[in-house]
Amino acid sequence: MTLSVQLYSLRDQLLDDRAGTLQQLAEIGFDEFEPFGLGESGIALEERLSDARALSKVCASLGVSTSITHAAVPADLDELIAELDALGARTIIVPNPKKVSGFDAQIFESPSRIAQFADRMNTVAEKLASHGIALGYHNHEFEWSGASGREGMAALWDLLSPAIRAEVDIYWATVAGINVPDYLRSISDRVIALHVKDGPAQRGLGQTPLGTGDVDVGACLAAAPEAATVLEIDVTDLDRLTLLKDNARWLKAAA
């Protein structure tokens, strides 16, 4: 099993000591790191490029890949492409519609807004593909709870280019109340990665070790056997590094 970790899980630790924190993650046994924060506005491009190169250098020294990254999609795609080249990532995942310039998290309130978002994503995917970069989308729970209801997410996938991939967060999909294994099978041709975490399926409550919450992790993994496994922690009352270590151990035992 190739095991990845979304670096957002240790966002505070990375600010304090990036090199040391990445070293600890590598020692746990992670083969891949999934960075975040690329494409964000408000930071000069040269600073963003320097940061991407520095991260790439540390990861290379640890023997860890960064092929997939979360990223915002700015109006100027050339800047984002330059960042991805500096990092060495070939797949970007949009973690929230508000990370796409001109949109917000309320797109699921109407079919027309879903269509506008899909059109923008398709245009972005086409340009990125010309540079050898793939585009994907990561869910939370709100995709199924807007005014468009559960049909909203299905409508989005119907409108998105077949080239756009899915990184399915099995925890947040569980919070949304859907049957996650069935959902994974319904978009199996798109799924490239799973964000794996567990806990009470209720927004605002902290995440817990795999196998102790409401997520049927085993069934989700079985429903998408070819997908990359990415551990992530959003909110928890536990020590984050210890939780990642315990979850990695659980996954390796379950493989």
# chains A, B, ... in the order shown; residues from 1 in each chain; ligands from 1

$ residues_around --residues "Gly39 (chain A)" --least-positions-apart "3" --cutoff "6 Å" --atoms "only C-alpha atoms" --output "mmCIF file with N, CA and C atoms, in the first residue's frame"
data_model
loop_
_atom_site.group_PDB
_atom_site.id
_atom_site.type_symbol
_atom_site.label_atom_id
_atom_site.label_comp_id
_atom_site.auth_asym_id
_atom_site.auth_seq_id
_atom_site.Cartn_x
_atom_site.Cartn_y
_atom_site.Cartn_z
ATOM 1 N N ALA A 71 -4.799 22.778 -4.173
ATOM 2 C CA ALA A 71 -4.423 24.099 -4.682
ATOM 3 C C ALA A 71 -5.665 24.918 -4.976
ATOM 4 N N ALA A 72 -5.513 26.224 -4.823
ATOM 5 C CA ALA A 72 -6.520 27.158 -5.298
ATOM 6 C C ALA A 72 -6.294 27.365 -6.794
ATOM 7 N N VAL A 73 -7.335 27.803 -7.472
ATOM 8 C CA VAL A 73 -7.236 28.073 -8.905
ATOM 9 C C VAL A 73 -7.391 29.575 -9.114
ATOM 10 N N PRO A 74 -6.287 30.291 -9.277
ATOM 11 C CA PRO A 74 -6.355 31.740 -9.453
ATOM 12 C C PRO A 74 -6.807 32.108 -10.858
ATOM 13 N N LEU A 80 -0.092 29.475 -11.357
ATOM 14 C CA LEU A 80 -0.298 28.181 -10.710
ATOM 15 C C LEU A 80 0.558 27.104 -11.367
#

$ select_by_dssp --residues "region 85-234 of chain A" --states "alpha helix (DSSP H)" --output "MDAnalysis selection string"
chainID A and resid 85:87 111:129 151:159 170:175 180:186 217:223

$ closest_atom_pairs --of "region 163-253 of chain A" --to "region 2-16 of chain A" --cutoff "10 Å" --atoms "only C-alpha atoms" --output "CSV"
residue,atom,partner,partner_atom,distance
A:Ala193,CA,A:Ser4,CA,9.6
A:Leu194,CA,A:Ser4,CA,9.8
A:His195,CA,A:Gln6,CA,8.2
A:Val196,CA,A:Val5,CA,9.3
A:Ala227,CA,A:Thr2,CA,9.6
A:Ala228,CA,A:Thr2,CA,6.7
A:Thr229,CA,A:Leu3,CA,5.6
A:Val230,CA,A:Ser4,CA,4.5
A:Leu231,CA,A:Val5,CA,4.7
A:Glu232,CA,A:Gln6,CA,5.3
A:Ile233,CA,A:Ser9,CA,4.7
A:Asp234,CA,A:Ser9,CA,6.2
A:Val235,CA,A:Ser9,CA,8.5
A:Thr236,CA,A:Ser9,CA,9.9
A:Arg240,CA,A:Leu10,CA,6.9
A:Leu241,CA,A:Leu10,CA,7.5
A:Leu244,CA,A:Val5,CA,8.3
A:Ala248,CA,A:Leu3,CA,7.7
A:Leu251,CA,A:Leu3,CA,8.7
A:Lys252,CA,A:Leu3,CA,8.8

$ atom_distance --atom1 "CA of Ala255 (chain A)" --atom2 "CA of His70 (chain A)"
25.8 Å

$ residues_around --residues "region 17-20 of chain A" --least-positions-apart "4" --cutoff "12 Å" --atoms "only C-alpha atoms" --output "PyMOL selection string"
chain A and resi 7-8+10-13+24-27+35+51+54-62

$ write_last_selection --atoms "N, CA and C atoms" --output "mmCIF file, in the first residue's frame"
data_model
loop_
_atom_site.group_PDB
_atom_site.id
_atom_site.type_symbol
_atom_site.label_atom_id
_atom_site.label_comp_id
_atom_site.auth_asym_id
_atom_site.auth_seq_id
_atom_site.Cartn_x
_atom_site.Cartn_y
_atom_site.Cartn_z
ATOM 1 N N LEU A 7 -0.797 17.302 4.289
ATOM 2 C CA LEU A 7 0.027 18.072 5.225
ATOM 3 C C LEU A 7 -0.777 19.077 6.046
ATOM 4 N N TYR A 8 -1.988 19.389 5.614
ATOM 5 C CA TYR A 8 -2.859 20.266 6.404
ATOM 6 C C TYR A 8 -3.096 19.691 7.795
ATOM 7 N N LEU A 10 -1.039 18.702 9.905
ATOM 8 C CA LEU A 10 -0.056 19.228 10.861
ATOM 9 C C LEU A 10 0.325 20.669 10.506
ATOM 10 N N ARG A 11 -0.688 21.444 10.133
ATOM 11 C CA ARG A 11 -0.446 22.798 9.645
ATOM 12 C C ARG A 11 0.291 23.676 10.651
ATOM 13 N N ASP A 12 -0.042 23.576 11.929
ATOM 14 C CA ASP A 12 0.621 24.415 12.928
ATOM 15 C C ASP A 12 2.064 23.974 13.149
ATOM 16 N N GLN A 13 2.278 22.672 13.198
ATOM 17 C CA GLN A 13 3.631 22.144 13.389
ATOM 18 C C GLN A 13 4.520 22.509 12.213
ATOM 19 N N GLN A 24 9.514 13.661 10.689
ATOM 20 C CA GLN A 24 8.714 12.784 11.557
ATOM 21 C C GLN A 24 7.676 12.004 10.754
ATOM 22 N N LEU A 25 7.063 12.655 9.771
ATOM 23 C CA LEU A 25 6.066 11.977 8.937
ATOM 24 C C LEU A 25 6.731 10.879 8.098
ATOM 25 N N ALA A 26 7.902 11.164 7.575
ATOM 26 C CA ALA A 26 8.615 10.155 6.793
ATOM 27 C C ALA A 26 8.977 8.957 7.658
ATOM 28 N N GLU A 27 9.332 9.205 8.908
ATOM 29 C CA GLU A 27 9.698 8.114 9.822
ATOM 30 C C GLU A 27 8.499 7.233 10.151
ATOM 31 N N PRO A 35 0.700 18.254 -0.302
ATOM 32 C CA PRO A 35 0.770 19.638 0.178
ATOM 33 C C PRO A 35 -0.547 20.378 -0.012
ATOM 34 N N ASP A 51 8.980 28.937 -2.016
ATOM 35 C CA ASP A 51 8.466 28.002 -1.017
ATOM 36 C C ASP A 51 8.242 26.619 -1.637
ATOM 37 N N ALA A 54 11.570 24.920 -2.096
ATOM 38 C CA ALA A 54 12.128 24.489 -0.810
ATOM 39 C C ALA A 54 11.431 23.224 -0.317
ATOM 40 N N LEU A 55 10.110 23.174 -0.457
ATOM 41 C CA LEU A 55 9.364 21.990 -0.043
ATOM 42 C C LEU A 55 9.769 20.784 -0.883
ATOM 43 N N SER A 56 9.905 20.990 -2.180
ATOM 44 C CA SER A 56 10.315 19.915 -3.074
ATOM 45 C C SER A 56 11.687 19.371 -2.691
ATOM 46 N N LYS A 57 12.587 20.257 -2.330
ATOM 47 C CA LYS A 57 13.938 19.846 -1.957
ATOM 48 C C LYS A 57 13.922 18.985 -0.695
ATOM 49 N N VAL A 58 13.157 19.406 0.319
ATOM 50 C CA VAL A 58 13.082 18.634 1.557
ATOM 51 C C VAL A 58 12.470 17.259 1.286
ATOM 52 N N CYS A 59 11.394 17.233 0.499
ATOM 53 C CA CYS A 59 10.739 15.964 0.212
ATOM 54 C C CYS A 59 11.672 15.023 -0.547
ATOM 55 N N ALA A 60 12.429 15.565 -1.499
ATOM 56 C CA ALA A 60 13.368 14.734 -2.254
ATOM 57 C C ALA A 60 14.425 14.141 -1.333
ATOM 58 N N SER A 61 14.873 14.923 -0.360
ATOM 59 C CA SER A 61 15.893 14.430 0.573
ATOM 60 C C SER A 61 15.360 13.303 1.444
ATOM 61 N N LEU A 62 14.022 13.276 1.643
ATOM 62 C CA LEU A 62 13.388 12.241 2.456
ATOM 63 C C LEU A 62 12.925 11.056 1.617
#

$ residues_around --residues "Glu79 (chain A)" --least-positions-apart "5" --cutoff "12 Å" --atoms "only C-alpha atoms" --output "ChimeraX atom specification"
/A:38-41,43-49,71-74,84-86,128

$ write_last_selection --atoms "N, CA and C atoms" --output "PDB file, in the first residue's frame"
ATOM      1  N   LEU A  38      -1.095  25.962  -2.490  1.00  0.00           N
ATOM      2  CA  LEU A  38      -0.633  26.516  -3.755  1.00  0.00           C
ATOM      3  C   LEU A  38      -1.736  27.342  -4.404  1.00  0.00           C
ATOM      4  N   GLY A  39      -1.346  28.307  -5.214  1.00  0.00           N
ATOM      5  CA  GLY A  39      -2.301  29.118  -5.950  1.00  0.00           C
ATOM      6  C   GLY A  39      -3.007  30.184  -5.141  1.00  0.00           C
ATOM      7  N   GLU A  40      -2.659  30.317  -3.867  1.00  0.00           N
ATOM      8  CA  GLU A  40      -3.342  31.295  -3.019  1.00  0.00           C
ATOM      9  C   GLU A  40      -2.925  32.727  -3.374  1.00  0.00           C
ATOM     10  N   SER A  41      -3.892  33.629  -3.376  1.00  0.00           N
ATOM     11  CA  SER A  41      -3.609  35.032  -3.662  1.00  0.00           C
ATOM     12  C   SER A  41      -3.076  35.710  -2.408  1.00  0.00           C
ATOM     13  N   ILE A  43       0.062  36.495  -1.823  1.00  0.00           N
ATOM     14  CA  ILE A  43       1.484  36.245  -1.636  1.00  0.00           C
ATOM     15  C   ILE A  43       2.163  36.390  -2.987  1.00  0.00           C
ATOM     16  N   ALA A  44       3.267  37.126  -3.027  1.00  0.00           N
ATOM     17  CA  ALA A  44       3.967  37.362  -4.285  1.00  0.00           C
ATOM     18  C   ALA A  44       4.376  36.043  -4.929  1.00  0.00           C
ATOM     19  N   LEU A  45       4.328  36.002  -6.258  1.00  0.00           N
ATOM     20  CA  LEU A  45       4.628  34.767  -6.968  1.00  0.00           C
ATOM     21  C   LEU A  45       6.024  34.262  -6.649  1.00  0.00           C
ATOM     22  N   GLU A  46       7.003  35.135  -6.605  1.00  0.00           N
ATOM     23  CA  GLU A  46       8.374  34.683  -6.345  1.00  0.00           C
ATOM     24  C   GLU A  46       8.488  34.022  -4.974  1.00  0.00           C
ATOM     25  N   GLU A  47       7.751  34.527  -4.006  1.00  0.00           N
ATOM     26  CA  GLU A  47       7.758  33.911  -2.681  1.00  0.00           C
ATOM     27  C   GLU A  47       7.105  32.531  -2.728  1.00  0.00           C
ATOM     28  N   ARG A  48       6.014  32.413  -3.475  1.00  0.00           N
ATOM     29  CA  ARG A  48       5.341  31.121  -3.606  1.00  0.00           C
ATOM     30  C   ARG A  48       6.222  30.110  -4.330  1.00  0.00           C
ATOM     31  N   LEU A  49       6.925  30.563  -5.366  1.00  0.00           N
ATOM     32  CA  LEU A  49       7.816  29.671  -6.103  1.00  0.00           C
ATOM     33  C   LEU A  49       8.982  29.216  -5.226  1.00  0.00           C
ATOM     34  N   ALA A  71      -4.799  22.778  -4.173  1.00  0.00           N
ATOM     35  CA  ALA A  71      -4.423  24.099  -4.682  1.00  0.00           C
ATOM     36  C   ALA A  71      -5.665  24.918  -4.976  1.00  0.00           C
ATOM     37  N   ALA A  72      -5.513  26.224  -4.823  1.00  0.00           N
ATOM     38  CA  ALA A  72      -6.520  27.158  -5.298  1.00  0.00           C
ATOM     39  C   ALA A  72      -6.294  27.365  -6.794  1.00  0.00           C
ATOM     40  N   VAL A  73      -7.335  27.803  -7.472  1.00  0.00           N
ATOM     41  CA  VAL A  73      -7.236  28.073  -8.905  1.00  0.00           C
ATOM     42  C   VAL A  73      -7.391  29.575  -9.114  1.00  0.00           C
ATOM     43  N   PRO A  74      -6.287  30.291  -9.277  1.00  0.00           N
ATOM     44  CA  PRO A  74      -6.355  31.740  -9.453  1.00  0.00           C
ATOM     45  C   PRO A  74      -6.807  32.108 -10.858  1.00  0.00           C
ATOM     46  N   LEU A  84       3.333  24.598  -9.650  1.00  0.00           N
ATOM     47  CA  LEU A  84       3.274  23.142  -9.749  1.00  0.00           C
ATOM     48  C   LEU A  84       4.569  22.584 -10.331  1.00  0.00           C
ATOM     49  N   ASP A  85       5.119  23.285 -11.310  1.00  0.00           N
ATOM     50  CA  ASP A  85       6.398  22.862 -11.875  1.00  0.00           C
ATOM     51  C   ASP A  85       7.504  22.935 -10.830  1.00  0.00           C
ATOM     52  N   ALA A  86       7.476  23.987 -10.007  1.00  0.00           N
ATOM     53  CA  ALA A  86       8.496  24.137  -8.969  1.00  0.00           C
ATOM     54  C   ALA A  86       8.389  23.043  -7.917  1.00  0.00           C
ATOM     55  N   LEU A 128      -4.710  22.974 -18.068  1.00  0.00           N
ATOM     56  CA  LEU A 128      -3.734  22.229 -17.280  1.00  0.00           C
ATOM     57  C   LEU A 128      -3.278  20.981 -18.017  1.00  0.00           C
TER      58      LEU A 128
END

$ closest_residue --among "A:Val180, A:Leu238, A:Ile28, A:Leu156" --to "Ala222 (chain A)" --atoms "only C-alpha atoms"
A:Val180

$ closest_residue --among "A:Val100, A:Val168, A:Ile192, A:Leu184" --to "Ala134 (chain A)" --atoms "only C-alpha atoms"
A:Ile192

$ closest_residue --among "A:Phe36, A:Phe117, A:Tyr171, A:Tyr183" --to "Lys197 (chain A)" --atoms "only C-alpha atoms"
A:Tyr171

$ atom_distance --atom1 "CA of Ile68 (chain A)" --atom2 "CA of Glu109 (chain A)"
29.1 Å

$ select_by_dssp --residues "region 56-247 of chain A" --states "strand (DSSP E or B)" --output "PyMOL selection string"
chain A and resi 65+68-71+73+91-94+100+134-138+165-169+191-196+198+208+228-231

$ write_last_selection --atoms "C-alpha atoms" --output "PDB file, in the first residue's frame"
ATOM      1  CA  SER A  65       6.778  12.079  -3.528  1.00  0.00           C
ATOM      2  CA  ILE A  68      -0.765  15.337  -5.806  1.00  0.00           C
ATOM      3  CA  THR A  69      -1.410  18.681  -4.138  1.00  0.00           C
ATOM      4  CA  HIS A  70      -4.384  20.717  -3.000  1.00  0.00           C
ATOM      5  CA  ALA A  71      -4.423  24.099  -4.682  1.00  0.00           C
ATOM      6  CA  VAL A  73      -7.236  28.073  -8.905  1.00  0.00           C
ATOM      7  CA  THR A  91      -2.233  16.541 -10.164  1.00  0.00           C
ATOM      8  CA  ILE A  92      -4.046  19.337  -8.349  1.00  0.00           C
ATOM      9  CA  ILE A  93      -7.136  18.868  -6.226  1.00  0.00           C
ATOM     10  CA  VAL A  94      -9.570  21.736  -5.671  1.00  0.00           C
ATOM     11  CA  VAL A 100     -11.610  28.744  -7.585  1.00  0.00           C
ATOM     12  CA  ALA A 134      -4.552  16.722 -14.115  1.00  0.00           C
ATOM     13  CA  LEU A 135      -7.371  18.390 -12.159  1.00  0.00           C
ATOM     14  CA  GLY A 136      -9.556  16.902  -9.450  1.00  0.00           C
ATOM     15  CA  TYR A 137     -12.189  17.843  -6.857  1.00  0.00           C
ATOM     16  CA  HIS A 138     -12.350  17.041  -3.122  1.00  0.00           C
ATOM     17  CA  ARG A 165     -10.783  13.225 -11.125  1.00  0.00           C
ATOM     18  CA  ALA A 166     -12.305  12.714  -7.659  1.00  0.00           C
ATOM     19  CA  GLU A 167     -10.553  12.702  -4.318  1.00  0.00           C
ATOM     20  CA  VAL A 168     -13.300  11.439  -2.015  1.00  0.00           C
ATOM     21  CA  ASP A 169     -13.215  12.420   1.632  1.00  0.00           C
ATOM     22  CA  VAL A 191     -11.710   8.186  -8.107  1.00  0.00           C
ATOM     23  CA  ILE A 192      -7.937   8.546  -7.729  1.00  0.00           C
ATOM     24  CA  ALA A 193      -7.627   9.066  -3.964  1.00  0.00           C
ATOM     25  CA  LEU A 194      -9.479   8.739  -0.668  1.00  0.00           C
ATOM     26  CA  HIS A 195      -9.102  11.073   2.278  1.00  0.00           C
ATOM     27  CA  VAL A 196      -9.289   8.645   5.159  1.00  0.00           C
ATOM     28  CA  ASP A 198     -12.835   8.480  11.284  1.00  0.00           C
ATOM     29  CA  THR A 208     -10.705   9.745  16.349  1.00  0.00           C
ATOM     30  CA  ALA A 228      -4.433   6.290  -3.220  1.00  0.00           C
ATOM     31  CA  THR A 229      -4.937   6.297   0.546  1.00  0.00           C
ATOM     32  CA  VAL A 230      -4.419   9.742   2.082  1.00  0.00           C
ATOM     33  CA  LEU A 231      -4.641  10.208   5.839  1.00  0.00           C
TER      34      LEU A 231
END

$ residues_around --residues "Arg249 (chain A)" --least-positions-apart "4" --cutoff "10 Å" --atoms "only C-alpha atoms" --output "JSON, numbers by chain"
{"A": [28, 29, 210, 243, 244, 245, 253, 254]}

$ atom_distance --atom1 "CA of Glu32 (chain A)" --atom2 "CA of Trp172 (chain A)"
22.0 Å
